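Participant: Structure provided below as structure tokens; questions to follow.
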Amino acid sequence: MHPAPARPCALRVARLSLALVLAVAACDDPRAEAPGAAASASAPQTAASAAPAPSAAETAAAPRAREMPPRPVPLGSSGPIQPSAPPEQQMMAIQYTLAMVSPQPTDPLVDKGYVEAIVPKLAAAARTADKGKTPPDPVKAAKGNRKIEVNMGKGCTERTPANLIAQRAGSSLREAYDAGILVISCRDDRWECHQATRDPSDVLCHAAPRR
């Protein structure tokens with residue numbers, strides 16, 4: 001006798017059973033990966049390799065702040081340092097004002113054209129603002145053109161250097177600094193006031209009567 005032909009329903013059941021067995025075997029196999037797993041795992045590596053490396057400018061250390069000796073009074077206070085001040089405070093004032101006019105590698109070079117133009121303007125400004133007898137040739141460049149000294153009869157205060165250059169000479173502390181001038185000072189029969197062009201708040205006055 002010939003075996004009876006398999007029924008279509010039985011064939012479908014057999015095929016489903018085989019597919020189920022294969023699926024279970026794939027889940028149990030630790031080496032099996034879900035579709036797209038390899039692609040997703042490699043994606044972060046691809047993104048990381050595509051990211052640009054930081055530039056030398058980004059990795060370079062930030063420049064150090066300007067180093068100054070101790071100030072005899074806090075920044076923002078101009079003093080003045082009195083003749084009766086302790087010797088230590090007077091020495092601090094001397095050292096600080098010397099440091100104010102000492103150029104650093106990051107400071108601009110001296111623009112001699114600016115210096116030659118600003119000196120006569122400041123001289124005219126000093127004669128106008130002076131409350132005493134203005135000495136002859138009241139303005140001169142000093143310290144290798146890093147400092148502009150304004151000599152007056154009377155009226156030198158902590159505000160005088162900035163006022164002279166901004167309100168009367170038609171310039172500014174910023175322009176003076178860009179031209180390599182680091183300090184503008186005034187001096188009368190009692191005081192000398194040093195105005196840093198780097199920082200408008202950095203002004204220091206001390207007793208220094210002109211002889």
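Residue names in the structure tokens use chain letters A, B, ... in the order shown, residue numbers from 1 in each chain, and ligand numbers from 1 in the order shown.
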Excluding Cys156 of chain A and any residue of its chain fewer than 2 positions from it, enumerate the residues within 12 Å of it, using only C-alpha atoms, and give them as a compact mmCIF listing (two decimals) with C-alpha atoms, in the first residue's frame.

Facilitator:
```
# COMPACT_ATOMS: atom_id res chain seq x y z
CA PRO A 80 48.34 109.37 48.25
CA ALA A 126 48.91 121.41 31.14
CA ALA A 129 44.72 123.22 33.53
CA ASP A 130 47.57 124.40 35.75
CA LYS A 131 46.50 126.25 38.88
CA GLY A 132 50.00 127.58 39.46
CA THR A 134 53.64 126.17 34.64
CA GLU A 149 55.65 113.21 32.47
CA VAL A 150 53.57 116.37 32.88
CA ASN A 151 55.03 119.01 35.21
CA MET A 152 52.71 121.58 36.73
CA GLY A 153 52.82 124.42 39.22
CA LYS A 154 49.78 123.25 41.18
CA GLU A 158 44.79 111.35 40.76
CA ARG A 159 42.40 112.44 37.98
CA THR A 160 44.71 114.89 36.25
CA PRO A 161 46.62 112.56 33.88
CA ALA A 162 43.47 110.94 32.48
CA ASN A 163 41.68 114.28 32.19
CA LEU A 164 44.60 115.92 30.41
CA ILE A 184 51.11 109.20 32.12
CA SER A 185 52.06 111.13 35.23
CA CYS A 186 51.59 114.61 36.62
CA ARG A 187 53.79 116.32 39.17
CA ASP A 188 53.44 119.60 40.99
CA ASP A 189 54.95 121.20 44.10
CA ARG A 190 53.59 118.42 46.35
CA TRP A 191 52.57 115.24 44.56
CA GLU A 192 53.31 112.94 41.67
CA CYS A 193 50.46 110.79 40.36
CA HIS A 194 51.08 107.84 38.06
CA GLN A 195 48.24 106.76 35.77
CA LEU A 204 49.05 105.80 42.49
CA CYS A 205 50.06 109.14 44.00
CA HIS A 206 52.88 109.84 46.41
CA ALA A 207 54.73 112.80 47.84
CA ALA A 208 57.33 114.01 45.36
CA PRO A 209 57.69 117.80 45.48
CA ARG A 210 59.43 119.16 42.41
```

Participant: Using backbone DSSP assignments, extract all alpha helix (DSSP H) residues from segment 120-207 of chain A; output them as number ranges by chain.

Facilitator: A: 120-129, 160-163, 173-178

Participant: Please measure the separation of atom CA of Leu98 of chain A and atom CA of Gly113 of chain A, giving the value in Å to one decimal.

Facilitator: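 For atom CA of Leu98 of chain A relative to atom CA of Gly113 of chain A, the distance reads 24.5 Å.
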
Participant: Using only C-alpha atoms, can you tell me which of A:Ala166, A:Ile148, A:Met68, A:Leu75 comes closest to Met100 of chain A?

Facilitator: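 Between A:Ala166, A:Ile148, A:Met68, A:Leu75, the residue approaching Met100 of chain A most closely is A:Met68.
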
Participant: From segment 60-189 of chain A, collect each residue whose DSSP state is strand (DSSP E or B) and return the set as a ChimeraX atom specification.

Facilitator: /A:81,139-142,147-151,183-187

Participant: As an exercise, work out the distance from atom CA of Ala179 of chain A to atom CA of Thr157 of chain A in Å and give it to one decimal place.

Facilitator: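 Calculated distance between atom CA of Ala179 of chain A and atom CA of Thr157 of chain A is 24.0 Å.
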
Participant: Tell me, in Å to one decimal, how far atom CA of Pro120 of chain A is from atom CA of Val139 of chain A.

Facilitator: 7.5 Å
